[in-house]
>>> print(open('upload-v4.cif').read())   # mmCIF, C-alpha atoms and all ligand atoms
data_my_file
#
loop_
_atom_site.label_atom_id
_atom_site.label_comp_id
_atom_site.auth_asym_id
_atom_site.auth_seq_id
_atom_site.Cartn_x
_atom_site.Cartn_y
_atom_site.Cartn_z
CA MET T 1 -9.77 24.08 8.76
CA ARG T 2 -6.88 23.79 11.18
CA THR T 3 -6.08 20.27 12.34
CA LEU T 4 -3.38 18.39 14.20
CA ALA T 5 -0.99 16.07 12.38
CA TYR T 6 2.35 14.33 12.72
CA ALA T 7 4.93 15.52 10.21
CA ALA T 8 8.48 14.92 9.06
CA LEU T 9 10.29 18.25 8.98
CA SER T 10 13.37 16.84 7.26
CA ALA T 11 14.77 13.48 6.13
CA GLY T 12 16.77 12.93 9.29
CA THR T 13 14.43 14.02 12.08
CA PRO T 14 11.74 12.06 13.94
CA LEU T 15 8.13 12.89 13.10
CA GLN T 16 6.57 15.48 15.38
CA PRO T 17 3.20 17.10 16.05
CA LEU T 18 2.31 19.93 13.69
CA ALA T 19 -0.83 22.00 13.19
CA ILE T 20 -1.77 22.08 9.50
CA ASP T 21 -4.51 23.77 7.50
CA ARG T 22 -6.93 21.73 5.41
CA ARG T 23 -8.59 23.59 2.55
CA ALA T 24 -12.13 24.93 2.78
CA LEU T 25 -14.59 22.52 1.14
CA ARG T 26 -14.93 22.82 -2.60
CA ALA T 27 -18.32 21.88 -4.13
CA ASP T 28 -17.35 18.22 -4.70
CA ASP T 29 -15.26 17.77 -1.53
CA VAL T 30 -15.94 15.88 1.66
CA ALA T 31 -14.30 16.51 5.03
CA ILE T 32 -13.29 13.39 6.94
CA ASP T 33 -12.59 12.74 10.61
CA ILE T 34 -9.78 10.20 10.50
CA LEU T 35 -10.18 7.14 12.72
CA TYR T 36 -7.29 4.91 11.60
CA CYS T 37 -4.29 5.18 9.34
CA GLY T 38 -2.02 2.32 8.27
CA VAL T 39 1.76 2.69 8.17
CA CYS T 40 3.12 1.76 4.73
CA HIS T 41 6.78 1.21 3.95
CA SER T 42 6.32 4.01 1.39
CA ASP T 43 5.68 6.40 4.31
CA LEU T 44 9.14 5.56 5.60
CA HIS T 45 10.73 5.90 2.12
CA GLN T 46 9.05 9.28 1.65
CA ALA T 47 9.72 10.69 5.13
CA ARG T 48 13.41 9.77 4.74
CA ASN T 49 13.53 11.05 1.15
CA ASP T 50 14.66 7.68 -0.26
CA TRP T 51 13.10 8.58 -3.61
CA GLY T 52 14.62 12.07 -3.74
CA SER T 53 11.31 13.92 -4.16
CA ALA T 54 10.37 14.75 -0.57
CA ARG T 55 8.80 18.09 0.29
CA TYR T 56 8.78 19.13 3.93
CA PRO T 57 6.96 19.48 6.20
CA MET T 58 5.43 16.15 5.15
CA VAL T 59 2.47 14.41 6.77
CA PRO T 60 2.62 10.79 5.55
CA GLY T 61 -0.22 8.27 5.56
CA HIS T 62 -2.27 6.82 2.67
CA GLU T 63 -4.23 3.99 4.28
CA ILE T 64 -6.99 6.10 5.74
CA ILE T 65 -10.27 5.12 7.37
CA GLY T 66 -12.61 7.80 8.62
CA ARG T 67 -16.10 9.22 8.79
CA VAL T 68 -17.50 12.01 6.69
CA SER T 69 -17.97 15.13 8.83
CA ALA T 70 -19.12 17.61 6.16
CA VAL T 71 -19.99 17.59 2.45
CA GLY T 72 -19.77 20.21 -0.31
CA PRO T 73 -22.98 21.24 -2.14
CA ALA T 74 -22.26 19.07 -5.24
CA VAL T 75 -21.55 15.88 -3.31
CA LYS T 76 -23.98 13.18 -4.41
CA GLY T 77 -22.99 9.81 -3.03
CA LEU T 78 -21.83 10.48 0.53
CA LYS T 79 -23.37 12.03 3.60
CA VAL T 80 -22.24 13.07 7.05
CA GLY T 81 -21.50 10.01 9.18
CA ASP T 82 -20.63 7.66 6.30
CA ALA T 83 -17.56 5.47 6.79
CA VAL T 84 -15.05 5.99 3.98
CA GLY T 85 -11.57 4.94 2.97
CA VAL T 86 -8.94 7.04 1.22
CA GLY T 87 -5.89 5.41 -0.32
CA CYS T 88 -2.83 6.68 -2.17
CA MET T 89 -4.64 9.10 -4.50
CA VAL T 90 -6.77 12.16 -3.80
CA ASP T 91 -7.38 13.53 -7.30
CA SER T 92 -6.91 13.06 -11.04
CA CYS T 93 -8.23 14.77 -14.18
CA GLN T 94 -11.24 12.36 -14.39
CA ASP T 95 -11.30 13.04 -18.12
CA CYS T 96 -8.52 11.08 -19.85
CA ASP T 97 -8.61 7.51 -21.15
CA GLN T 98 -6.87 6.19 -18.02
CA CYS T 99 -9.31 7.89 -15.66
CA HIS T 100 -12.24 6.78 -17.84
CA HIS T 101 -11.28 3.15 -17.62
CA GLY T 102 -10.69 3.29 -13.89
CA GLU T 103 -6.92 3.54 -13.65
CA GLU T 104 -6.66 6.97 -12.10
CA GLN T 105 -3.17 6.08 -10.88
CA PHE T 106 -2.02 6.42 -14.51
CA CYS T 107 -3.93 9.66 -15.22
CA ARG T 108 -2.44 11.30 -18.34
CA HIS T 109 -2.37 14.64 -16.56
CA GLY T 110 -0.74 13.28 -13.45
CA VAL T 111 -2.48 11.72 -10.51
CA THR T 112 -2.43 13.67 -7.23
CA MET T 113 -0.93 11.54 -4.51
CA THR T 114 -2.41 11.73 -1.01
CA TYR T 115 0.71 13.32 0.43
CA ASN T 116 3.84 14.87 -1.05
CA GLY T 117 1.73 15.58 -4.13
CA ARG T 118 0.48 18.88 -5.52
CA ASP T 119 -3.18 19.88 -5.41
CA ARG T 120 -4.50 20.26 -8.98
CA VAL T 121 -6.39 23.47 -8.20
CA SER T 122 -4.33 25.43 -5.68
CA GLY T 123 -0.89 23.93 -6.25
CA GLU T 124 -0.42 23.42 -2.51
CA ILE T 125 1.39 20.34 -1.24
CA THR T 126 -0.96 17.53 -0.22
CA GLN T 127 -0.73 16.14 3.32
CA GLY T 128 -1.67 12.61 4.35
CA GLY T 129 -3.49 10.64 6.97
CA TYR T 130 -1.26 10.93 10.04
CA SER T 131 -3.76 13.55 11.05
CA ARG T 132 -7.10 14.11 12.73
CA ALA T 133 -8.96 15.32 9.68
CA MET T 134 -8.65 15.80 5.95
CA VAL T 135 -10.52 17.14 2.94
CA VAL T 136 -10.75 15.13 -0.24
CA ARG T 137 -12.63 15.13 -3.54
CA GLU T 138 -15.67 12.85 -3.24
CA ALA T 139 -14.53 10.62 -6.11
CA PHE T 140 -11.51 9.55 -4.05
CA ALA T 141 -13.34 8.80 -0.80
CA ILE T 142 -14.60 5.24 -1.13
CA ALA T 143 -17.78 4.29 0.73
CA LEU T 144 -17.01 1.26 2.90
CA PRO T 145 -19.19 -1.85 2.92
CA PRO T 146 -21.21 -1.86 6.19
CA ALA T 147 -19.82 -5.28 7.18
CA LEU T 148 -16.20 -4.09 7.13
CA ASP T 149 -14.42 -3.88 10.50
CA LEU T 150 -13.10 -0.32 10.44
CA ALA T 151 -10.31 -0.98 12.97
CA ARG T 152 -8.71 -3.58 10.68
CA ALA T 153 -9.50 -2.25 7.23
CA ALA T 154 -6.99 0.60 6.74
CA PRO T 155 -4.17 -1.44 5.12
CA LEU T 156 -6.55 -2.60 2.40
CA LEU T 157 -6.34 0.91 0.95
CA CYS T 158 -2.70 0.47 -0.12
CA ALA T 159 -1.14 -2.87 0.84
CA GLY T 160 -4.37 -4.65 -0.11
CA ILE T 161 -5.06 -3.00 -3.44
CA THR T 162 -1.39 -3.11 -4.50
CA SER T 163 -1.52 -6.90 -4.10
CA TRP T 164 -5.04 -7.33 -5.48
CA SER T 165 -4.59 -5.37 -8.70
CA PRO T 166 -1.78 -7.49 -10.26
CA LEU T 167 -3.41 -10.71 -9.03
CA ARG T 168 -6.62 -9.83 -10.84
CA ARG T 169 -4.94 -8.38 -13.93
CA HIS T 170 -2.89 -11.52 -14.42
CA GLY T 171 -5.79 -13.88 -13.81
CA ALA T 172 -4.66 -15.42 -10.51
CA GLY T 173 -7.05 -18.19 -9.51
CA PRO T 174 -7.34 -21.93 -9.07
CA GLY T 175 -4.36 -23.58 -10.74
CA THR T 176 -2.11 -20.50 -10.50
CA ARG T 177 1.18 -21.23 -8.75
CA LEU T 178 1.77 -17.89 -7.05
CA GLY T 179 5.04 -16.77 -5.47
CA VAL T 180 5.11 -13.86 -3.02
CA ILE T 181 8.51 -12.37 -2.19
CA GLY T 182 8.72 -10.68 1.22
CA LEU T 183 6.32 -11.18 4.12
CA GLY T 184 5.54 -7.61 5.13
CA GLY T 185 2.46 -5.44 4.73
CA LEU T 186 2.04 -6.06 0.99
CA GLY T 187 3.35 -9.63 1.11
CA HIS T 188 1.00 -10.88 3.81
CA MET T 189 -1.97 -9.42 1.95
CA ALA T 190 -0.75 -11.04 -1.29
CA VAL T 191 -0.59 -14.39 0.53
CA LYS T 192 -4.10 -14.02 1.99
CA LEU T 193 -5.66 -12.78 -1.25
CA GLY T 194 -3.84 -15.37 -3.34
CA VAL T 195 -5.14 -18.13 -1.08
CA ALA T 196 -8.67 -16.67 -1.17
CA LEU T 197 -8.57 -16.64 -4.99
CA GLY T 198 -7.62 -20.31 -4.99
CA CYS T 199 -3.93 -20.07 -5.94
CA GLU T 200 -1.21 -22.41 -4.74
CA VAL T 201 0.89 -19.94 -2.79
CA THR T 202 4.61 -20.03 -2.01
CA LEU T 203 6.13 -17.39 0.26
CA VAL T 204 9.74 -16.57 -0.62
CA THR T 205 11.35 -14.92 2.38
CA GLY T 206 14.70 -13.71 3.66
CA SER T 207 13.56 -14.45 7.22
CA ALA T 208 13.55 -18.18 7.99
CA GLY T 209 11.71 -17.36 11.24
CA LYS T 210 8.58 -16.31 9.30
CA ALA T 211 7.90 -19.79 7.87
CA GLU T 212 5.39 -20.76 10.52
CA ASP T 213 3.56 -17.44 10.26
CA ALA T 214 3.37 -17.75 6.51
CA ARG T 215 1.73 -21.14 6.81
CA ALA T 216 -0.69 -19.77 9.39
CA LEU T 217 -1.59 -17.04 6.90
CA GLY T 218 -2.42 -19.76 4.39
CA ALA T 219 0.77 -20.16 2.33
CA HIS T 220 1.14 -23.73 1.04
CA HIS T 221 4.93 -23.61 0.77
CA VAL T 222 7.77 -21.49 2.15
CA LEU T 223 11.10 -20.90 0.44
CA VAL T 224 13.97 -19.24 2.29
CA SER T 225 15.83 -17.21 -0.33
CA ARG T 226 19.25 -17.83 1.21
CA ASP T 227 18.78 -21.60 1.00
CA ALA T 228 20.49 -22.19 -2.37
CA GLU T 229 19.47 -25.81 -2.55
CA ALA T 230 15.81 -25.15 -1.89
CA MET T 231 15.83 -22.30 -4.41
CA LYS T 232 17.34 -24.61 -7.02
CA ALA T 233 14.79 -27.30 -6.30
CA ALA T 234 12.05 -24.71 -6.89
CA THR T 235 13.30 -23.81 -10.39
CA ALA T 236 10.42 -23.33 -12.87
CA SER T 237 7.77 -23.94 -10.21
CA MET T 238 5.74 -20.70 -10.39
CA ASP T 239 3.42 -18.97 -12.87
CA LEU T 240 3.19 -15.56 -11.24
CA ILE T 241 5.41 -13.84 -8.68
CA LEU T 242 4.71 -10.65 -6.72
CA ASP T 243 7.97 -9.06 -5.60
CA THR T 244 7.44 -6.76 -2.59
CA VAL T 245 11.09 -6.30 -1.55
CA PRO T 246 11.48 -2.61 -0.69
CA VAL T 247 15.08 -2.15 -1.85
CA SER T 248 17.06 -2.68 -5.06
CA HIS T 249 17.94 -6.36 -5.51
CA ASP T 250 19.04 -8.99 -7.99
CA LEU T 251 16.03 -10.44 -9.83
CA LYS T 252 17.88 -13.41 -11.30
CA PRO T 253 17.24 -15.93 -8.50
CA TYR T 254 13.52 -15.11 -8.64
CA VAL T 255 13.17 -15.16 -12.43
CA LYS T 256 14.58 -18.68 -12.29
CA LEU T 257 11.59 -19.69 -10.14
CA LEU T 258 9.23 -18.87 -13.04
CA ASP T 259 7.98 -21.64 -15.30
CA VAL T 260 7.69 -21.16 -19.07
CA GLY T 261 5.53 -18.10 -19.81
CA GLY T 262 5.68 -16.98 -16.18
CA ARG T 263 5.58 -13.38 -15.02
CA LEU T 264 7.29 -11.54 -12.19
CA VAL T 265 5.58 -8.32 -11.08
CA ILE T 266 7.61 -5.78 -9.13
CA VAL T 267 5.60 -3.79 -6.62
CA GLY T 268 8.26 -3.09 -3.98
CA ALA T 269 11.38 -1.40 -5.28
CA LEU T 270 11.09 1.84 -7.24
CA GLU T 271 14.74 2.19 -8.08
CA GLU T 272 17.40 0.90 -10.42
CA MET T 273 17.97 -2.84 -10.19
CA PRO T 274 21.11 -4.84 -10.96
CA PRO T 275 21.31 -5.86 -14.65
CA LEU T 276 19.34 -8.92 -15.73
CA ASP T 277 20.54 -11.37 -18.42
CA ALA T 278 17.83 -11.14 -21.10
CA GLY T 279 18.54 -14.75 -22.00
CA LEU T 280 16.84 -15.73 -18.77
CA LEU T 281 13.63 -14.18 -20.06
CA VAL T 282 13.91 -15.14 -23.71
CA ARG T 283 14.55 -18.78 -22.94
CA GLY T 284 11.20 -19.54 -21.36
CA ARG T 285 9.14 -16.58 -22.65
CA LYS T 286 9.16 -14.98 -19.21
CA GLN T 287 8.12 -11.44 -18.36
CA VAL T 288 9.22 -8.98 -15.73
CA GLY T 289 6.87 -6.06 -15.12
CA GLY T 290 5.57 -3.67 -12.50
CA SER T 291 2.32 -2.51 -10.95
CA LEU T 292 1.21 0.63 -9.12
CA ILE T 293 -1.55 0.44 -6.50
CA GLY T 294 -4.92 0.06 -8.30
CA GLY T 295 -7.85 2.20 -9.43
CA ILE T 296 -10.74 3.48 -7.31
CA ALA T 297 -13.35 1.05 -8.70
CA GLU T 298 -10.89 -1.81 -8.27
CA THR T 299 -10.29 -0.74 -4.66
CA ALA T 300 -14.04 -0.75 -4.02
CA GLU T 301 -14.15 -4.25 -5.52
CA LEU T 302 -11.39 -5.38 -3.14
CA LEU T 303 -13.15 -3.84 -0.12
CA ALA T 304 -16.35 -5.69 -1.04
CA PHE T 305 -14.42 -8.96 -1.52
CA CYS T 306 -12.73 -8.61 1.87
CA ALA T 307 -15.95 -7.67 3.68
CA GLU T 308 -17.73 -10.63 2.12
CA ASN T 309 -14.98 -13.15 2.81
CA GLY T 310 -13.80 -11.78 6.17
CA ILE T 311 -10.28 -11.13 4.87
CA TYR T 312 -8.35 -8.63 6.96
CA PRO T 313 -4.76 -7.52 7.33
CA ASP T 314 -3.01 -8.55 10.55
CA CYS T 315 -2.88 -5.18 12.28
CA GLU T 316 -0.78 -4.09 15.23
CA GLN T 317 -2.42 -1.00 16.62
CA ILE T 318 -0.15 1.82 17.75
CA ARG T 319 -0.46 5.35 19.06
CA MET T 320 0.56 8.24 16.83
CA GLN T 321 3.28 9.06 19.34
CA ASP T 322 4.95 5.68 18.68
CA ILE T 323 5.50 6.21 14.98
CA ASP T 324 9.28 6.43 15.09
CA ALA T 325 9.65 3.13 16.90
CA ALA T 326 7.27 1.66 14.31
CA PHE T 327 9.39 3.02 11.44
CA GLU T 328 12.50 1.48 13.01
CA ARG T 329 10.84 -1.90 13.37
CA MET T 330 9.65 -1.71 9.79
CA GLU T 331 13.23 -1.11 8.64
CA ARG T 332 14.26 -4.30 10.43
CA ALA T 333 11.42 -6.26 8.72
CA ASP T 334 9.94 -6.73 12.19
CA VAL T 335 6.22 -6.06 11.66
CA LYS T 336 3.38 -8.52 12.02
CA TYR T 337 2.19 -7.42 9.56
CA ARG T 338 0.95 -3.85 9.44
CA PHE T 339 1.03 -1.04 11.97
CA VAL T 340 -2.24 0.87 12.16
CA ILE T 341 -2.40 4.15 14.03
CA ASP T 342 -5.46 4.70 16.20
CA MET T 343 -6.02 8.40 15.59
CA ARG T 344 -7.75 8.92 18.92
CA SER T 345 -4.21 8.96 20.31
CA LEU T 346 -3.61 12.26 18.53
CA GLN T 347 -6.26 13.79 20.75
CA GLU T 348 -3.95 13.09 23.72
CA THR T 349 -1.20 15.14 22.08
CA ALA T 350 -3.62 18.03 21.75
CA GLY T 351 -4.22 17.81 25.49
P1 LIG U 1 7.20 -3.96 4.70
O1 LIG U 1 5.97 -4.18 5.47
O2 LIG U 1 8.37 -3.31 5.35
O3 LIG U 1 7.64 -5.39 4.09
C1 LIG U 1 8.73 -5.55 3.23
C2 LIG U 1 9.23 -6.99 3.36
O4 LIG U 1 10.26 -7.18 2.39
C3 LIG U 1 9.88 -7.30 4.70
O5 LIG U 1 8.98 -7.74 5.66
C4 LIG U 1 10.87 -8.39 4.32
O6 LIG U 1 10.19 -9.64 4.25
C5 LIG U 1 11.27 -8.05 2.90
N1 LIG U 1 12.59 -7.41 2.80
C6 LIG U 1 13.60 -7.82 2.02
N2 LIG U 1 14.66 -7.03 2.08
C7 LIG U 1 14.36 -6.07 2.95
C8 LIG U 1 15.08 -4.95 3.45
N3 LIG U 1 16.32 -4.67 3.05
N4 LIG U 1 14.46 -4.18 4.35
C9 LIG U 1 13.22 -4.45 4.75
N5 LIG U 1 12.48 -5.50 4.29
C10 LIG U 1 13.06 -6.31 3.40
O7 LIG U 1 6.92 -3.08 3.39
P2 LIG U 1 5.54 -2.90 2.58
O8 LIG U 1 4.74 -1.83 3.22
O9 LIG U 1 4.97 -4.22 2.31
O10 LIG U 1 6.10 -2.26 1.24
C11 LIG U 1 7.00 -2.99 0.44
C12 LIG U 1 7.48 -2.09 -0.69
O11 LIG U 1 6.41 -1.83 -1.58
C13 LIG U 1 8.00 -0.73 -0.24
O12 LIG U 1 9.16 -0.41 -1.00
C14 LIG U 1 6.89 0.21 -0.59
O13 LIG U 1 7.34 1.52 -0.84
C15 LIG U 1 6.37 -0.44 -1.86
N6 LIG U 1 4.99 -0.12 -2.21
C16 LIG U 1 4.68 -0.10 -3.53
C17 LIG U 1 3.39 0.13 -3.93
C18 LIG U 1 3.03 0.11 -5.38
O14 LIG U 1 1.98 0.63 -5.73
N7 LIG U 1 3.82 -0.50 -6.24
C19 LIG U 1 2.41 0.36 -2.98
C20 LIG U 1 2.75 0.30 -1.64
C21 LIG U 1 4.03 0.06 -1.26
P3 LIG U 1 10.92 -11.01 4.61
O15 LIG U 1 11.38 -10.84 6.03
O16 LIG U 1 9.87 -12.02 4.41
O17 LIG U 1 12.05 -11.18 3.65
ZN ZN U 2 1.46 2.38 0.66
#
>>> encode(input="upload-v4.cif", output="structure tokens", more="lines below")
Ligand code: NAP
Ligand code: ZN
Amino acid sequence: MRTLAYAALSAGTPLQPLAIDRRALRADDVAIDILYCGVCHSDLHQARNDWGSARYPMVPGHEIIGRVSAVGPAVKGLKVGDAVGVGCMVDSCQDCDQCHHGEEQFCRHGVTMTYNGRDRVSGEITQGGYSRAMVVREAFAIALPPALDLARAAPLLCAGITSWSPLRRHGAGPGTRLGVIGLGGLGHMAVKLGVALGCEVTLVTGSAGKAEDARALGAHHVLVSRDAEAMKAATASMDLILDTVPVSHDLKPYVKLLDVGGRLVIVGALEEMPPLDAGLLVRGRKQVGGSLIGGIAETAELLAFCAENGIYPDCEQIRMQDIDAAFERMERADVKYRFVIDMRSLQETAG
């Protein structure tokens, strides 16, 4: 199936319209008409080749909301017209211990990412949601709860689940003093979900101007990371910290915020960090770890939780044609708090 998309052709060029071919339906595939796609900071990292693994042309986008337009003969749980979400993964072996216990992102045979990945069957490069349509294995198209507002749900598929998974794994709930570093797409979801789970939430931000917003989102406290005195006063005041900063940075000031036995989970930066004095961890039994998105069942759990509790990302809707301006604003940490592309705008490009 030929469809229209927006693609990066190289690291240094703006995204542009490109016709791409989606594979013919396999037995367990569904075809999806894409309605909305969120803009994740990872899309910017990938399009600009920040991680050194970019393959061009590249169609980014892994916060996808759409409707099923066709199903393969072996599809059991979805039918034409169903609203579905697709996140960062489109396939995995479905047969290893990781897949069996619902952590497809850690598939022993390599998970297939939604874009800039390699299809397990054909070897072709996968292409993401900045597009009118896609084809995906049924197991990776998640049926959406009927109560979910489709126009605001897209960022749950990455920013939401990436925040939710470590919160749940580390038992965040009433009594947990949660720190969230960075108020962007991931950070604002971590604040909202942390509050909904009953945590006492502190936003740690580099942007003093976001304090009011953070409180409006539910944060109980705001710490400006450049305010040395305030940071010192907050020593040993947190049990769990989610670090969403998208670039390499010194962890020391944040590890100091952890109380005895506390844990800092990195979800933002995927690169080398400045060295960390192990004494800071040993004295206080602290842990620094990481987390990668979340599994399919866990994503379905999050979608149900959000539908039930009316928790949505703050979305700024844009047209596909405005993606480069959106990327630039994202680089300046100037997003409130997630861009979501209305894919009807791509129709205009087609004429
Ligand atoms: P975003 O919307 O751009 O937010 C990032 C926030 O980090 C900014 O709003 C800003 O908050 C803070 N920040 C600090 N230093 C910054 C800098 N030099 N440039 C820009 N922002 C800076 O990004 P996002 O979509 O939340 O993604 C955050 C990171 O998580 C990205 O690196 C992304 O690739 C990664 N990610 C990881 C996973 C995973 O599975 N682990 C999943 C999705 C995304 P303040 O103004 O409050 O300081
Ligand atoms: Zn993402």
>>> residues_around(input="upload-v4.cif", residues="Gly110 of chain T", least_positions_apart="6", cutoff="9 Å", atoms="all atoms listed in the file", output="ChimeraX atom specification")
/T:92-93,104
>>> write_last_selection(input="upload-v4.cif", atoms="C-alpha atoms", output="JSON list (two decimals), in the frame of the given file")
[["chain", "number", "residue", "atom", "x", "y", "z"],
["T", 92, "SER", "CA", -6.91, 13.06, -11.04],
["T", 93, "CYS", "CA", -8.23, 14.77, -14.18],
["T", 104, "GLU", "CA", -6.66, 6.97, -12.10]]
>>> closest_atom_pairs(input="upload-v4.cif", of="chain T", to="ligand LIG 1 (chain U)", cutoff="6 Å", atoms="all atoms listed in the file", output="CSV")
residue,atom,partner,partner_atom,distance
T:Cys40,CA,U:LIG1,O8,4.2
T:His41,CA,U:LIG1,O8,3.7
T:Ser42,CA,U:LIG1,O13,3.5
T:Cys158,CA,U:LIG1,C20,5.7
T:Ala159,CA,U:LIG1,C20,5.6
T:Thr162,CA,U:LIG1,O14,5.2
T:Gly182,CA,U:LIG1,O6,3.5
T:Leu183,CA,U:LIG1,O16,3.7
T:Gly184,CA,U:LIG1,O3,3.2
T:Gly185,CA,U:LIG1,O9,3.7
T:Leu186,CA,U:LIG1,O9,3.7
T:Gly187,CA,U:LIG1,O9,5.8
T:Thr205,CA,U:LIG1,O16,3.8
T:Gly206,CA,U:LIG1,O17,3.7
T:Ser207,CA,U:LIG1,O15,4.4
T:Thr244,CA,U:LIG1,C11,4.9
T:Val245,CA,U:LIG1,O4,4.1
T:Pro246,CA,U:LIG1,O12,3.2
T:Val247,CA,U:LIG1,N3,5.6
T:Val267,CA,U:LIG1,N7,3.8
T:Gly268,CA,U:LIG1,O11,3.3
T:Ala269,CA,U:LIG1,O12,4.9
T:Ser291,CA,U:LIG1,N7,5.3
T:Leu292,CA,U:LIG1,O14,3.5
T:Ile293,CA,U:LIG1,O14,3.6
T:Met330,CA,U:LIG1,O2,4.9
T:Glu331,CA,U:LIG1,C9,5.1
T:Arg332,CA,U:LIG1,C9,5.8
T:Ala333,CA,U:LIG1,O5,4.2
>>> write_last_selection(input="upload-v4.cif", atoms="C-alpha atoms", output="PDB file, in the frame of the given file")
ATOM      1  CA  CYS T  40       3.120   1.760   4.730  1.00  0.00           C
ATOM      2  CA  HIS T  41       6.780   1.210   3.950  1.00  0.00           C
ATOM      3  CA  SER T  42       6.320   4.010   1.390  1.00  0.00           C
ATOM      4  CA  CYS T 158      -2.700   0.470  -0.120  1.00  0.00           C
ATOM      5  CA  ALA T 159      -1.140  -2.870   0.840  1.00  0.00           C
ATOM      6  CA  THR T 162      -1.390  -3.110  -4.500  1.00  0.00           C
ATOM      7  CA  GLY T 182       8.720 -10.680   1.220  1.00  0.00           C
ATOM      8  CA  LEU T 183       6.320 -11.180   4.120  1.00  0.00           C
ATOM      9  CA  GLY T 184       5.540  -7.610   5.130  1.00  0.00           C
ATOM     10  CA  GLY T 185       2.460  -5.440   4.730  1.00  0.00           C
ATOM     11  CA  LEU T 186       2.040  -6.060   0.990  1.00  0.00           C
ATOM     12  CA  GLY T 187       3.350  -9.630   1.110  1.00  0.00           C
ATOM     13  CA  THR T 205      11.350 -14.920   2.380  1.00  0.00           C
ATOM     14  CA  GLY T 206      14.700 -13.710   3.660  1.00  0.00           C
ATOM     15  CA  SER T 207      13.560 -14.450   7.220  1.00  0.00           C
ATOM     16  CA  THR T 244       7.440  -6.760  -2.590  1.00  0.00           C
ATOM     17  CA  VAL T 245      11.090  -6.300  -1.550  1.00  0.00           C
ATOM     18  CA  PRO T 246      11.480  -2.610  -0.690  1.00  0.00           C
ATOM     19  CA  VAL T 247      15.080  -2.150  -1.850  1.00  0.00           C
ATOM     20  CA  VAL T 267       5.600  -3.790  -6.620  1.00  0.00           C
ATOM     21  CA  GLY T 268       8.260  -3.090  -3.980  1.00  0.00           C
ATOM     22  CA  ALA T 269      11.380  -1.400  -5.280  1.00  0.00           C
ATOM     23  CA  SER T 291       2.320  -2.510 -10.950  1.00  0.00           C
ATOM     24  CA  LEU T 292       1.210   0.630  -9.120  1.00  0.00           C
ATOM     25  CA  ILE T 293      -1.550   0.440  -6.500  1.00  0.00           C
ATOM     26  CA  MET T 330       9.650  -1.710   9.790  1.00  0.00           C
ATOM     27  CA  GLU T 331      13.230  -1.110   8.640  1.00  0.00           C
ATOM     28  CA  ARG T 332      14.260  -4.300  10.430  1.00  0.00           C
ATOM     29  CA  ALA T 333      11.420  -6.260   8.720  1.00  0.00           C
TER      30      ALA T 333
END
>>> residues_around(input="upload-v4.cif", residues="Arg215 of chain T", least_positions_apart="3", cutoff="10 Å", atoms="all atoms listed in the file", output="PyMOL selection string")
chain T and resi 191+201-203+210-212+218-222
>>> write_last_selection(input="upload-v4.cif", atoms="C-alpha atoms", output="short mmCIF file (atom, residue, chain, number, x, y, z; two decimals), in the frame of the given file")
data_model
loop_
_atom_site.label_atom_id
_atom_site.label_comp_id
_atom_site.auth_asym_id
_atom_site.auth_seq_id
_atom_site.Cartn_x
_atom_site.Cartn_y
_atom_site.Cartn_z
CA VAL T 191 -0.59 -14.39 0.53
CA VAL T 201 0.89 -19.94 -2.79
CA THR T 202 4.61 -20.03 -2.01
CA LEU T 203 6.13 -17.39 0.26
CA LYS T 210 8.58 -16.31 9.30
CA ALA T 211 7.90 -19.79 7.87
CA GLU T 212 5.39 -20.76 10.52
CA GLY T 218 -2.42 -19.76 4.39
CA ALA T 219 0.77 -20.16 2.33
CA HIS T 220 1.14 -23.73 1.04
CA HIS T 221 4.93 -23.61 0.77
CA VAL T 222 7.77 -21.49 2.15
#
>>> residues_around(input="upload-v4.cif", residues="Ala297 of chain T", least_positions_apart="2", cutoff="9 Å", atoms="only C-alpha atoms", output="PyMOL selection string")
chain T and resi 102-103+142+294-295+299-302
>>> write_last_selection(input="upload-v4.cif", atoms="C-alpha atoms", output="compact mmCIF listing (two decimals), in the frame of the given file")
# COMPACT_ATOMS: atom_id res chain seq x y z
CA GLY T 102 -10.69 3.29 -13.89
CA GLU T 103 -6.92 3.54 -13.65
CA ILE T 142 -14.60 5.24 -1.13
CA GLY T 294 -4.92 0.06 -8.30
CA GLY T 295 -7.85 2.20 -9.43
CA THR T 299 -10.29 -0.74 -4.66
CA ALA T 300 -14.04 -0.75 -4.02
CA GLU T 301 -14.15 -4.25 -5.52
CA LEU T 302 -11.39 -5.38 -3.14
>>> atom_distance(input="upload-v4.cif", atom1="atom CA of Arg177 of chain T", atom2="atom CA of Leu303 of chain T")
24.1 Å
>>> closest_residue(input="upload-v4.cif", among="T:Ile266, T:Ser163, T:Asp213, T:Gly198", to="Val335 of chain T", atoms="only C-alpha atoms")
T:Asp213
>>> residues_around(input="upload-v4.cif", residues="Ile323 of chain T", least_positions_apart="6", cutoff="10 Å", atoms="all atoms listed in the file", output="list in words")
Tyr6, Pro14, Leu15, Gln16, Val39, Tyr130, Arg329, Phe339, Val340 and Ile341 of chain T
>>> atom_distance(input="upload-v4.cif", atom1="atom ZN of ligand ZN 2 (chain U)", atom2="atom CA of Ala139 of chain T")
19.2 Å
>>> closest_residue(input="upload-v4.cif", among="T:Ala233, T:Met89, T:Leu156, T:Val75", to="Phe140 of chain T", atoms="all atoms listed in the file")
T:Met89
>>> closest_residue(input="upload-v4.cif", among="T:Leu4, T:Ala307, T:Val86, T:Leu78", to="ligand ZN 2 (chain U)", atoms="only C-alpha atoms and all ligand atoms")
T:Val86
>>> atom_distance(input="upload-v4.cif", atom1="atom CA of Ala228 of chain T", atom2="atom CA of Gly209 of chain T")
16.9 Å
